[in-house]
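The next block holds one structure in the form of structure tokens; read it before the comments.
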Amino acid sequence: MLVRRRKNTCVVAALLFVNEGRAVADNDTFQTVVRAGREDGVSEERAHGTVSRSEIERRQPRSAPDALRYESGVFVQQSAHGQGSAFIRGLTGQQTLLLFDGIRVNNSTYRQGPNQYFFTIDSRTIDSIEILRGGGSTRYGSDALGGVIAAYPIDPMVSDGEILFRPQVNLRATSADDELGGRVQFHLSGPVKDGSLGFVGGIGFRNVGQLKSGGRVENPNPNTPIGRYPMVPAYAPDGVTQLGTGFKELTADGRLVLRLSDSQRLTLATYHYLQFDVPRTDQCPPPYAPSGTCLTYEQQFRHLGYLTYEGKLSNFLWPLRISVSVQAQHERQRLDDPSVLVTRLGVDDVLTLGFLASAQSRPLLVLPSVELRFRYGFDQYTDWITSEASRTFTDLAQTAKLSRGQYLNGSTYTYGGVYADGSLSIPKGVTLYGGVRLSYVVARAPAEPLSGSRQVNQSWLPVTGNAGVSWMPHKVLTLRLNADHSFRAANLNDLTARQQTGPGFQFENANLNPERATTIELGALLEHELLGVQLWAFETLLHDAVLKVSKSDAECPLATPECVGAWTRFQLQNAPALSELRGVEAMLRLRIPMGFRLRGTLAYTWGESPRVGSLGYGTSGVILGERVPLSRVPPLHGTAEVVWQRASFELSAGLRWATMQDRLAISDYADARIPKYGTPGFAVVDLRSSFRIHDRVQLGGVLENIGNVAYRYHGSSVDGPGRGFMLSMKVD
Amino acid sequence: MNKRLIGIGLWALLGIAGCESTPATMDMLPATLCKAEQPAATMCQPFVGTLSSCKCSVDDYAPRFNGSKNDTWPSCVSDGNAFVLFGTSTPGASARTLAFVSMGTKLWKNPAIPSAVEMTAARDEYAIANGIGSRVARRQDIHYPEVPGSNKFACNDLTVAAQNPDRCAGPGKLKPIIDDAFTKGIAGMKPVVQSARIEAALLWFFYLSSQSEVWTSSFDNAADVDSAWGYLSGTERSKPIGLGLYFQQLDQETYDRAFDSVLAARCWRDLDKDLPSSCSLFYQRAASQVDKAFTRGMALILRDRIGKIPTLTGEAQEAALNFVNIIGLLMDRAARAIDPAKADQLKTSTQAATAAGVNVGQAQSLLDSLFACP
């Protein structure tokens with residue numbers, strides 16, 4: 001018999017593995033203050049934050065990256081309306097690590113700079129997102145230089161001893177981009193011998209139209225040849241509709257959780273994300289190219305399946321977690337070039353097999369009042385790449401296969417390692433912690449003589465680690481000092497990829513070395529029921545930082561006329577000297593009478609690298625020193641939110657702001673996404689409300705950008721949505 | 001103890017806030033040398049031979065004559081009579097000139113009738129990213145008024161280009177010819193004729209390009225002056241290829257004057273590095289020198305091809321006629337600017353539908369009189 005039960009009678013199965021005393025109710029307004037308390041979560045000793053499901057529902061983000069916009073120290077850039085990439089401490093893309101339920105989403109084709117891949121996690125399937133700021137390689141391996149973004153999916157609801165069936169429908173419509181979409185989801189669970197079996201699954205879809213902004217962002221310096229406005233994005237004659245935006249999306253997922261006993265469970269899960277016809281806004285058209293030229297991701301798919309066992313088996317396996325995963329990433333890019341009646345097609349597939357094993361110890365009393373905890377693990381992932389490209393003369397429908405695709409077909413990449421970390425709590429509120437990891441990375445790619453592509457045969461054995469101390473001088477005050485050494489091994493994109501970058505061309509460097517980051521951070525955390533304050537300051541030194549360096553035609557690979565003919569030519573190269581990032585992050589949370597809660601964040605990052613290469617196209621008159629700003633580092637920015645909640649009615653307002661960023665790297669001057677010469681600041685206010693009109697029906701509304709401000713996140717191709725509404729309905 | 005730690009924290013924060021950055025600066029470069037000189041022995045080198053009726057000018061940049069010491073241009077980087085790159089790298093224009101040469105071996109210089117495979121290979125070279133086709137689609141003819149509005153690159157919009165075919169000559173006039181010729185050529189429809197049409201349209205593209213690059217160098221990217229050289233040949237003076245070789249094979253002095261003119265442009269950009277340019281005097285002189293020499297060169301190419309029409313038969317003659325039709329129509333503006341009556345007469349021949357309609361002697365004579373001097 002199927003039994004419908006109210007939510008408050010249900011227990012989320014995930015709570016099985018939540019640490020005692022640190023669980024936080026989902027309806028907490030500002031859960032980012034206190035971590036969700038997952039045992040498999042990011043290190044709580046480090047600078048971090050959490051976005052909860054309730055916050056996601058309140059803020060109605062357009063995507064998973066969009067859900068991070070109110071996080072301290074996170075700045076979300078968009079190269080397309082259907083893409084988004086989070087900057088953490090000035091780094092993004094391949095220099096940050098994405099996890100989904102503990103499994104790496106990053107693969108070896110992640111390119112330098114922003115990418116689209118966090119967008120391929122359906123925000124409607126996410127229960128929470130944890131953000132670790134700063135290096136995280138000790139536990140997570142390569143790529144975790146700037147930080148780690150760990151998304152955790154919704155778990156099935158279970159009702160003790162009873163069968164539960166809970167269907168849910170979510171619908172949403174927006175005016176700024178004419179989005180119409182929704183998700184149908186259901187939970188089904190029931191008892192089995194000594195445990196329970198639960199399932200949650202759903203199907204989602206979205207049809208998103210062209211995005212209308214609050215107007216065109218202007219160049220700070222209007223006395224440039226391109227006039228008042230940046231060359232990207234291209235706008236329709238109405239001055240608000242951004243061409244090269246809009247997409248379609250289909251998602252499907254299923255998660256089966258078998259609770260074998262009170263201390264063991266097995267999860268079999270699969271998540272599918274299919275995105276269609278996503279124009280890359282800055283390439284639709286590229287700067288100076290004829291209208292009609294457009295790079296479109298016809299297909300951007302990601303399929304993930306995994307089987308995870310978690311069990312509390314002994315004092316040193318408390319719990320043990322083992323995952324076997326398979327992930328398939330599929331991209332099909334089409335470049336329409338009407339200037340020469342050509343369509344270019346590229347199809348790239350990455351198949352990743354992963355294995356992950358980790359365990360923790362129970363707290364061990366080494367001495368009276370001295371408690372030891374440790375964690376250890378092993379992980380390995382292997383990528384297999386297939387990549388091909390073709391061109392078609394559109395007037396003749398004549399197609400020819402090209403000698404290579406974006407990557408070298410048949411490349412493989414294996415990466416993994418072993419690690420151990422632990423913490424030692426000693427009297428007077430002091431805790432010492434640290435860890436070490438030995439990694440291994442093997443990159444293999446065949447040569448491709450016709451395109452002058454060299455064989456790649458690289459391997460590295462990086463050692464990383466971290467150490468820190470925290471001290472609680474008072475029950476509400478904690479001071480933390482952390483040091484971390486992380487790394488990112490050059491991946492197959494760095495080592496083999498070639499790509500057009502608008503009027504420019506970027507080519508591979510088969511001799512890149514891993515980049516390493518050493519971070520020192522100092523934090524002060526004040527945690528009280530009514531008031532929470534977090535202050536962090538950090539300094540990151542990047543050794544062998546991978547920079548995009550301008551090159552001469554003579555340095556182009558053989559047989560690449562598209563490189564020789566380009567305005568700007570770039571190659572990734574290790575910096576010859578240290579690069580630096582430093583900054584501050586602050587967060588304030590305040591609960592005040594009458595049901596009001598306030599929250600604010602602020603972050604500033606300053607980055608600098610040695611000057612390598614020279615200025616590219618169209619940047620005469622710029623004088624650079626021996627050291628130059630790092631590329632696309634976000635400006636001073638912050639957020640403020642106020643929430644008023646009464647019974648089933650909630651009102652909130654959110655402010656996002658950023659100052660102008662005119663500290664530009666050499667490559668930034670050639671980047672049409674950045675206005676001449678810098679991205680103007682902005683302040684945008686959203687108003688939101690939600691109201692449960694029935695036991696099972698909740699309505700939500702957002703009036704976004706009430707000032708109809710023309711704004712752009714630094715480095716983005718897309719200007720932010722103009723004034724508009726979002727309407728949502730949830731039936732559960 | 002607590003106060004001490006708090007103090008350390010504040011110190012750390014202040015340290016970060018007080019960091020000195022080294023941002024890029026937009027300081028203006030030193031003042032330019034925008035003033036004509038009056039050398040003690042101001043003179044220019046007289047023309048000789050068939051060009052002896054032409055008058056030289058001391059306002060022209062003349063690096064071949066006493067290292068430019070006797071003209072009225074100040075000393076500059078071009079005085080060594082060699083092109084010194086403004087930018088750090090050979091311009092993409094040079095690669096496009098090489099592509100043009102390579103296309104020529106497959107098409108119009110091919111001793112055999114170009115096959116569909118050769119046509120396709122040539123089109124691939126043309127259509128490659130950042131190849132010639134990408135620039136044809138945006139090329140402007142700076143002899144015509146700019147498209148109204150603040151966007152100097154409005155011709156990139158195909159709709160705008162269609163509305164302004166004279167200014168947006170690349171997408172408005174040349175692209176349709178080239179696209180059509182490739183389509184028909186690959187389909188096997190008179191590939192020799194199609195090759196000649198492509199050759200003519202591309203030669204005009206290269207002619208427009210050097211002038212256009214000098215123009216964009218004045219306001220968009222100073223290093224575009226390198227492209228002006230790249231579209232002429234992108235080589236040292238003595239080893240021309242591409243358009244430069246066409247000029248040289250027809251008249252050495254015209255080629256040398258064309259090379260002088262791109263050196264003049266480079267000299268202007270040496271004297272005036274500002275962006276936008278702050279020295280109209282030398283910009284105008286350089287642009288004028290480029291226009292005159294290059295236009296004379298194109299007139300020689302047209303004259304030469306007109307002369308070949310009676311010597312050819314069949315598809316080869318049709319090819320030459322098509323070539324003349326294309327270049328002749330495009331030369332009409334320059335001719336009309338000098339003498340409308342002669343332009344009308346010239347147009348009658350260059351736009352003839354048949355070889356018999358071309359008055360070879362008259363047309364060549366008109367070209368000689370209209371474009372007598374480089």
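Ligands are numbered from 1 in the order shown, chains are lettered A, B, ... in the order of the structure tokens, and residues start at 1 in each chain.
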Report as a list of chain:residue names all protein, DNA and RNA residues lying within 10 Å of B:Asp304, evaluated on only C-alpha atoms, omitting residues in the same chain fewer than 6 positions from it.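 Surrounding residues, per the criterion: B:Leu250, B:Met298, B:Val324, B:Gln364.
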Could you save the residues just selected, with C-alpha atoms, as a PDB file, in the first residue's frame?
```
ATOM      1  CA  LEU B 250      54.920  44.157 -65.170  1.00  0.00           C
ATOM      2  CA  MET B 298      46.461  47.233 -60.671  1.00  0.00           C
ATOM      3  CA  VAL B 324      39.070  41.961 -67.196  1.00  0.00           C
ATOM      4  CA  GLN B 364      45.414  50.074 -72.935  1.00  0.00           C
TER       5      GLN B 364
END
```
Just want the 10 Å neighbourhood of B:Pro165, counted on only C-alpha atoms, with same-chain residues fewer than 3 positions away dropped. Output as a PyMOL selection string. chain B and resi 140-141+144+155+158+160-162+168-174
For B:Arg96, please output as a list in words all residues within 9 Å (counting only C-alpha atoms; exclusion window: fewer than 4 positions along the same chain). Pro561, Val564 and Gly565 of chain A; Gly92, Phe100, Val101, Tyr126, Asn130, Gly131, Ile132, Gly230 and Tyr231 of chain B
Kindly assemble as a Markdown table a list of the chain A residues that lie within 8 Å of chain B, each paired with its nearest atom pair and their distance in Å to one decimal, using only C-alpha atoms, sorted first by chain and then by ascending residue number.
```
| residue | atom | partner | partner_atom | distance |
| --- | --- | --- | --- | --- |
| A:Thr224 | CA | B:Asp220 | CA | 7.4 |
| A:Pro225 | CA | B:Asp220 | CA | 5.4 |
| A:Ile226 | CA | B:Asn151 | CA | 5.9 |
| A:Gly227 | CA | B:Asn151 | CA | 6.0 |
| A:Tyr288 | CA | B:Asn156 | CA | 6.3 |
| A:Ala289 | CA | B:Asn156 | CA | 5.9 |
| A:Pro290 | CA | B:Asn156 | CA | 4.2 |
| A:Ser291 | CA | B:Asp157 | CA | 4.9 |
| A:Ser339 | CA | B:Ala137 | CA | 5.4 |
| A:Val340 | CA | B:Ala127 | CA | 5.4 |
| A:Leu341 | CA | B:Asp179 | CA | 7.7 |
| A:Val342 | CA | B:Ala127 | CA | 7.3 |
| A:Asp395 | CA | B:Thr183 | CA | 7.1 |
| A:Leu396 | CA | B:Thr183 | CA | 7.0 |
| A:Pro473 | CA | B:Asn2 | CA | 7.3 |
| A:Gln500 | CA | B:Ala129 | CA | 7.9 |
| A:Pro503 | CA | B:Asn130 | CA | 7.0 |
| A:Leu522 | CA | B:Gly9 | CA | 7.4 |
| A:Ala537 | CA | B:Leu13 | CA | 6.4 |
| A:Lys551 | CA | B:Ser89 | CA | 7.9 |
| A:Ser552 | CA | B:Ser89 | CA | 4.7 |
| A:Asp553 | CA | B:Ser89 | CA | 6.0 |
| A:Ala554 | CA | B:Ser89 | CA | 7.7 |
| A:Pro561 | CA | B:Ala95 | CA | 7.0 |
| A:Glu562 | CA | B:Ala129 | CA | 5.1 |
| A:Cys563 | CA | B:Asn130 | CA | 7.8 |
| A:Val564 | CA | B:Gly92 | CA | 5.8 |
| A:Gly565 | CA | B:Gly92 | CA | 3.7 |
| A:Ala566 | CA | B:Asn130 | CA | 5.5 |
| A:Trp567 | CA | B:Gly92 | CA | 6.4 |
| A:Arg582 | CA | B:Ile16 | CA | 6.9 |
| A:Gly583 | CA | B:Ile16 | CA | 6.3 |
| A:Val584 | CA | B:Leu13 | CA | 7.2 |
| A:Glu608 | CA | B:Ser21 | CA | 8.0 |
| A:Ser614 | CA | B:Thr88 | CA | 7.7 |
| A:Tyr617 | CA | B:Asn221 | CA | 6.7 |
| A:Gly618 | CA | B:Asn221 | CA | 4.3 |
| A:Thr619 | CA | B:Asn221 | CA | 6.9 |
| A:Ser620 | CA | B:Asn221 | CA | 6.5 |
| A:Gly621 | CA | B:Met26 | CA | 6.0 |
| A:Val622 | CA | B:Met26 | CA | 4.9 |
| A:Ile623 | CA | B:Thr25 | CA | 5.4 |
| A:Leu624 | CA | B:Ala24 | CA | 5.0 |
| A:Gly625 | CA | B:Thr22 | CA | 6.6 |
| A:Arg627 | CA | B:Thr22 | CA | 6.7 |
| A:Val628 | CA | B:Pro23 | CA | 6.3 |
| A:Pro629 | CA | B:Pro23 | CA | 6.4 |
| A:Arg663 | CA | B:Pro23 | CA | 5.5 |
| A:Leu664 | CA | B:Ala24 | CA | 6.9 |
```
Same residues, N, CA and C atoms, output as a compact mmCIF listing (two decimals), in the first residue's frame:
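In the end it all went to out-v4.txt:
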```txt
# COMPACT_ATOMS: atom_id res chain seq x y z
N THR A 224 37.67 54.29 -28.25
CA THR A 224 38.33 53.15 -28.89
C THR A 224 37.65 52.94 -30.24
N PRO A 225 38.34 52.26 -31.15
CA PRO A 225 37.77 52.08 -32.49
C PRO A 225 36.45 51.34 -32.49
N ILE A 226 36.24 50.53 -31.46
CA ILE A 226 35.01 49.76 -31.47
C ILE A 226 33.85 50.57 -30.90
N GLY A 227 34.15 51.81 -30.49
CA GLY A 227 33.08 52.69 -30.07
C GLY A 227 32.68 52.50 -28.62
N TYR A 288 34.87 41.04 -34.83
CA TYR A 288 35.26 41.39 -36.20
C TYR A 288 34.71 40.42 -37.25
N ALA A 289 34.18 39.27 -36.84
CA ALA A 289 33.69 38.31 -37.82
C ALA A 289 32.30 38.74 -38.31
N PRO A 290 31.94 38.31 -39.52
CA PRO A 290 30.62 38.67 -40.04
C PRO A 290 29.50 38.11 -39.17
N SER A 291 28.41 38.82 -39.16
CA SER A 291 27.23 38.32 -38.46
C SER A 291 26.86 36.98 -39.10
N SER A 339 31.04 33.42 -43.94
CA SER A 339 31.93 34.22 -44.77
C SER A 339 32.60 33.36 -45.83
N VAL A 340 32.74 32.09 -45.55
CA VAL A 340 33.37 31.19 -46.52
C VAL A 340 32.48 29.98 -46.82
N LEU A 341 31.22 30.09 -46.44
CA LEU A 341 30.24 29.02 -46.70
C LEU A 341 30.73 27.68 -46.15
N VAL A 342 31.17 27.71 -44.93
CA VAL A 342 31.73 26.52 -44.30
C VAL A 342 31.09 26.29 -42.94
N ASP A 395 27.43 25.14 -49.42
CA ASP A 395 26.77 25.30 -50.72
C ASP A 395 26.80 24.00 -51.51
N LEU A 396 27.76 23.13 -51.17
CA LEU A 396 27.89 21.89 -51.94
C LEU A 396 27.55 20.67 -51.11
N PRO A 473 39.69 30.40 21.64
CA PRO A 473 39.93 31.13 22.89
C PRO A 473 38.64 31.37 23.66
N GLN A 500 40.37 27.68 -31.80
CA GLN A 500 40.19 29.07 -32.18
C GLN A 500 39.68 29.83 -30.98
N PRO A 503 39.27 35.77 -33.00
CA PRO A 503 40.26 36.06 -34.04
C PRO A 503 41.64 35.51 -33.69
N LEU A 522 44.60 32.69 7.08
CA LEU A 522 44.35 33.01 8.49
C LEU A 522 42.87 33.32 8.62
N ALA A 537 41.91 35.74 5.49
CA ALA A 537 42.92 36.39 4.63
C ALA A 537 43.83 35.29 4.10
N LYS A 551 52.32 34.43 -28.65
CA LYS A 551 53.40 33.84 -29.40
C LYS A 551 53.49 34.47 -30.79
N SER A 552 54.65 34.31 -31.42
CA SER A 552 54.81 34.80 -32.77
C SER A 552 54.39 33.72 -33.76
N ASP A 553 54.24 34.12 -35.00
CA ASP A 553 53.84 33.16 -36.03
C ASP A 553 54.88 32.05 -36.17
N ALA A 554 56.14 32.41 -35.93
CA ALA A 554 57.20 31.41 -36.09
C ALA A 554 57.08 30.29 -35.06
N PRO A 561 48.10 26.80 -40.74
CA PRO A 561 47.93 28.15 -41.28
C PRO A 561 46.93 28.98 -40.49
N GLU A 562 45.98 28.30 -39.84
CA GLU A 562 45.01 29.06 -39.05
C GLU A 562 45.69 29.71 -37.85
N CYS A 563 46.80 29.17 -37.42
CA CYS A 563 47.58 29.79 -36.34
C CYS A 563 48.40 30.95 -36.91
N VAL A 564 49.06 30.69 -38.01
CA VAL A 564 49.92 31.72 -38.60
C VAL A 564 49.10 32.95 -39.00
N GLY A 565 47.89 32.70 -39.47
CA GLY A 565 47.07 33.80 -39.95
C GLY A 565 46.31 34.54 -38.87
N ALA A 566 46.39 34.05 -37.64
CA ALA A 566 45.57 34.64 -36.57
C ALA A 566 46.13 35.98 -36.12
N TRP A 567 45.25 36.80 -35.59
CA TRP A 567 45.67 38.08 -35.03
C TRP A 567 46.52 37.86 -33.79
N ARG A 582 46.45 37.03 -3.50
CA ARG A 582 46.19 37.27 -2.09
C ARG A 582 44.86 37.99 -1.96
N GLY A 583 44.27 37.86 -0.82
CA GLY A 583 42.98 38.50 -0.70
C GLY A 583 42.34 38.30 0.65
N VAL A 584 41.15 38.84 0.75
CA VAL A 584 40.37 38.71 1.98
C VAL A 584 38.96 38.28 1.61
N GLU A 608 48.93 38.53 -9.40
CA GLU A 608 50.02 39.07 -10.19
C GLU A 608 50.92 37.94 -10.65
N SER A 614 54.12 39.21 -25.05
CA SER A 614 53.88 40.62 -25.31
C SER A 614 52.41 40.84 -25.61
N TYR A 617 46.91 41.81 -30.23
CA TYR A 617 46.27 42.71 -31.19
C TYR A 617 45.59 43.90 -30.51
N GLY A 618 45.79 45.06 -31.07
CA GLY A 618 44.99 46.21 -30.72
C GLY A 618 45.22 46.79 -29.36
N THR A 619 46.41 46.65 -28.83
CA THR A 619 46.65 47.15 -27.48
C THR A 619 47.85 48.08 -27.45
N SER A 620 48.02 48.80 -28.50
CA SER A 620 49.11 49.77 -28.51
C SER A 620 48.88 50.81 -27.43
N GLY A 621 49.96 51.32 -26.89
CA GLY A 621 49.83 52.38 -25.91
C GLY A 621 49.76 51.89 -24.49
N VAL A 622 49.74 50.59 -24.28
CA VAL A 622 49.70 50.04 -22.93
C VAL A 622 51.13 49.72 -22.51
N ILE A 623 51.52 50.22 -21.39
CA ILE A 623 52.87 49.98 -20.89
C ILE A 623 52.77 49.05 -19.70
N LEU A 624 53.50 47.98 -19.76
CA LEU A 624 53.43 46.97 -18.71
C LEU A 624 54.75 46.89 -17.97
N GLY A 625 54.65 46.56 -16.70
CA GLY A 625 55.86 46.37 -15.91
C GLY A 625 56.36 44.94 -16.04
N ARG A 627 56.04 42.72 -13.83
CA ARG A 627 54.98 41.85 -13.33
C ARG A 627 53.64 42.44 -13.73
N VAL A 628 52.72 41.56 -14.05
CA VAL A 628 51.43 42.00 -14.58
C VAL A 628 50.30 41.30 -13.83
N PRO A 629 49.10 41.84 -13.88
CA PRO A 629 47.98 41.17 -13.20
C PRO A 629 47.72 39.79 -13.79
N ARG A 663 42.39 45.90 -13.63
CA ARG A 663 43.71 45.25 -13.57
C ARG A 663 43.66 44.07 -14.55
N LEU A 664 44.25 44.25 -15.69
CA LEU A 664 44.11 43.28 -16.77
C LEU A 664 45.45 42.61 -17.08
```
Could you give me, as an MDAnalysis selection string, each residue of stretch 129-376 of chain A that DSSP assigns to strand (DSSP E or B) when run on this structure's backbone? chainID A and resid 129:133 147:153 157:159 162 164:174 180:192 195:208 212:213 235 241:242 247:261 264:279 294:311 314 317 320:337 342:360 364:367 370:376
Which residue of B:Ala112, B:Val77, B:Ala363, B:Leu281 approaches B:Ile309 most closely, using only C-alpha atoms: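 Looking only at the distances to B:Ile309, the closest residue turns out to be B:Ala363.
Residue neighbourhood of A:Arg183, excluding near-sequence residues (fewer than 6 positions): A:Val169, A:Asn170, A:Ile203, A:Gly204, at 6 Å, using only C-alpha atoms.
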Export, as a PDB file, in the first residue's frame, the selected residues with N, CA and C atoms.
```pdb
ATOM      1  N   VAL A 169       6.341  18.002  -8.439  1.00  0.00           N
ATOM      2  CA  VAL A 169       6.415  18.707  -9.728  1.00  0.00           C
ATOM      3  C   VAL A 169       6.900  20.126  -9.479  1.00  0.00           C
ATOM      4  N   ASN A 170       7.886  20.532 -10.209  1.00  0.00           N
ATOM      5  CA  ASN A 170       8.382  21.916 -10.144  1.00  0.00           C
ATOM      6  C   ASN A 170       8.264  22.534 -11.524  1.00  0.00           C
ATOM      7  N   ILE A 203      12.864  13.681 -14.050  1.00  0.00           N
ATOM      8  CA  ILE A 203      13.174  14.141 -15.399  1.00  0.00           C
ATOM      9  C   ILE A 203      12.935  15.644 -15.427  1.00  0.00           C
ATOM     10  N   GLY A 204      13.875  16.360 -15.982  1.00  0.00           N
ATOM     11  CA  GLY A 204      13.728  17.805 -16.061  1.00  0.00           C
ATOM     12  C   GLY A 204      13.934  18.285 -17.481  1.00  0.00           C
TER      13      GLY A 204
END
```
Fewer than 6 positions away in the same chain doesn't count, so skip those; otherwise give me all residues within 10 Å of A:Met231, counting only C-alpha atoms, as a list in words.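 The neighbour list is Asn219, Asp282, Pro285, Pro286, Pro287, Tyr288, Asp671, Ala672, Arg673, Ile674, Pro675, Lys676 and Ser717 of chain A; Asn151 of chain B.
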Go ahead and dump the residues you just picked, all heavy atoms, as a compact mmCIF listing (two decimals), in the first residue's frame.
```txt
# COMPACT_ATOMS: atom_id res chain seq x y z
N ASN A 219 31.97 50.41 -22.72
CA ASN A 219 33.41 50.46 -22.51
C ASN A 219 33.74 51.63 -21.59
O ASN A 219 33.27 52.75 -21.83
CB ASN A 219 34.15 50.66 -23.84
CG ASN A 219 34.08 49.44 -24.73
OD1 ASN A 219 34.28 48.33 -24.26
ND2 ASN A 219 33.81 49.63 -26.01
N ASP A 282 30.39 34.64 -26.86
CA ASP A 282 31.48 35.49 -27.36
C ASP A 282 31.96 35.07 -28.74
O ASP A 282 32.79 35.74 -29.35
CB ASP A 282 32.65 35.51 -26.39
CG ASP A 282 33.25 34.13 -26.19
OD1 ASP A 282 32.50 33.15 -26.22
OD2 ASP A 282 34.48 34.03 -26.00
N PRO A 285 28.56 36.48 -33.09
CA PRO A 285 29.78 36.11 -33.81
C PRO A 285 31.00 36.50 -33.00
O PRO A 285 30.90 37.31 -32.07
CB PRO A 285 29.68 36.98 -35.07
CG PRO A 285 28.97 38.21 -34.60
CD PRO A 285 27.99 37.77 -33.55
N PRO A 286 32.17 35.96 -33.38
CA PRO A 286 33.40 36.43 -32.75
C PRO A 286 33.67 37.88 -33.13
O PRO A 286 33.12 38.37 -34.11
CB PRO A 286 34.48 35.51 -33.34
CG PRO A 286 33.75 34.40 -33.99
CD PRO A 286 32.40 34.93 -34.37
N PRO A 287 34.50 38.54 -32.39
CA PRO A 287 34.83 39.93 -32.73
C PRO A 287 35.33 40.04 -34.16
O PRO A 287 36.09 39.19 -34.62
CB PRO A 287 35.95 40.28 -31.73
CG PRO A 287 35.79 39.31 -30.62
CD PRO A 287 35.22 38.08 -31.19
N TYR A 288 34.87 41.04 -34.83
CA TYR A 288 35.26 41.39 -36.20
C TYR A 288 34.71 40.42 -37.25
O TYR A 288 34.80 40.69 -38.44
CB TYR A 288 36.79 41.45 -36.36
CG TYR A 288 37.45 42.51 -35.51
CD1 TYR A 288 38.03 42.19 -34.29
CD2 TYR A 288 37.49 43.84 -35.92
CE1 TYR A 288 38.63 43.15 -33.50
CE2 TYR A 288 38.09 44.82 -35.14
CZ TYR A 288 38.66 44.47 -33.93
OH TYR A 288 39.25 45.43 -33.13
N ASP A 671 41.07 39.97 -25.12
CA ASP A 671 39.85 39.22 -24.82
C ASP A 671 38.65 40.14 -24.99
O ASP A 671 38.45 41.07 -24.21
CB ASP A 671 39.93 38.68 -23.38
CG ASP A 671 38.81 37.69 -23.08
OD1 ASP A 671 37.77 37.74 -23.77
OD2 ASP A 671 38.98 36.89 -22.15
N ALA A 672 37.89 39.88 -26.03
CA ALA A 672 36.76 40.76 -26.34
C ALA A 672 35.68 40.72 -25.28
O ALA A 672 34.79 41.57 -25.27
CB ALA A 672 36.17 40.37 -27.69
N ARG A 673 35.75 39.75 -24.38
CA ARG A 673 34.75 39.68 -23.31
C ARG A 673 34.95 40.80 -22.30
O ARG A 673 34.05 41.11 -21.53
CB ARG A 673 34.85 38.33 -22.60
CG ARG A 673 34.36 37.18 -23.44
CD ARG A 673 34.62 35.85 -22.79
NE ARG A 673 36.03 35.50 -22.84
CZ ARG A 673 36.51 34.30 -22.55
NH1 ARG A 673 35.69 33.34 -22.21
NH2 ARG A 673 37.80 34.03 -22.63
N ILE A 674 36.15 41.34 -22.30
CA ILE A 674 36.46 42.39 -21.33
C ILE A 674 36.39 43.74 -22.03
O ILE A 674 37.10 43.98 -23.00
CB ILE A 674 37.85 42.14 -20.73
CG1 ILE A 674 37.83 40.81 -19.97
CG2 ILE A 674 38.25 43.29 -19.82
CD1 ILE A 674 39.17 40.37 -19.45
N PRO A 675 35.49 44.62 -21.57
CA PRO A 675 35.37 45.93 -22.20
C PRO A 675 36.70 46.67 -22.17
O PRO A 675 37.60 46.35 -21.40
CB PRO A 675 34.31 46.64 -21.35
CG PRO A 675 33.52 45.52 -20.72
CD PRO A 675 34.51 44.42 -20.49
N LYS A 676 36.82 47.66 -23.05
CA LYS A 676 38.04 48.47 -23.14
C LYS A 676 38.01 49.56 -22.08
O LYS A 676 37.18 50.44 -22.16
CB LYS A 676 38.18 49.12 -24.51
CG LYS A 676 38.12 48.13 -25.67
CD LYS A 676 39.39 47.34 -25.78
CE LYS A 676 39.33 46.41 -26.97
NZ LYS A 676 40.45 45.47 -27.03
N SER A 717 30.97 36.85 -21.23
CA SER A 717 30.50 37.25 -22.56
C SER A 717 29.07 37.75 -22.50
O SER A 717 28.57 38.33 -23.46
CB SER A 717 30.49 36.06 -23.50
OG SER A 717 31.66 35.35 -23.44
N ASN B 151 30.45 52.65 -35.46
CA ASN B 151 31.20 51.39 -35.60
C ASN B 151 31.96 51.36 -36.92
O ASN B 151 31.36 51.28 -38.00
CB ASN B 151 30.24 50.20 -35.51
CG ASN B 151 30.97 48.88 -35.56
OD1 ASN B 151 32.20 48.84 -35.66
ND2 ASN B 151 30.23 47.80 -35.48
```
Contacts of B:Gly80 at 9 Å (only C-alpha atoms; same-chain gap of 6+ positions) as a count of residues only: 4
Exercise: A:Gln95 partners within 8 Å, only C-alpha atoms, chain neighbours under 6 positions left out, as a PDB file with C-alpha atoms, in the first residue's frame:
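Result file selection-v8.pdb:
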```
ATOM      1  CA  GLN A 112      42.483  26.921 -19.085  1.00  0.00           C
ATOM      2  CA  ASP A 143      43.213  20.648 -10.011  1.00  0.00           C
ATOM      3  CA  ALA A 144      42.232  21.746  -6.503  1.00  0.00           C
ATOM      4  CA  LEU A 145      44.390  24.899  -6.535  1.00  0.00           C
ATOM      5  CA  GLY A 146      41.823  27.618  -6.083  1.00  0.00           C
ATOM      6  CA  GLY A 147      39.241  25.531  -4.334  1.00  0.00           C
ATOM      7  CA  ARG A 488      47.462  20.695 -10.907  1.00  0.00           C
TER       8      ARG A 488
END
```
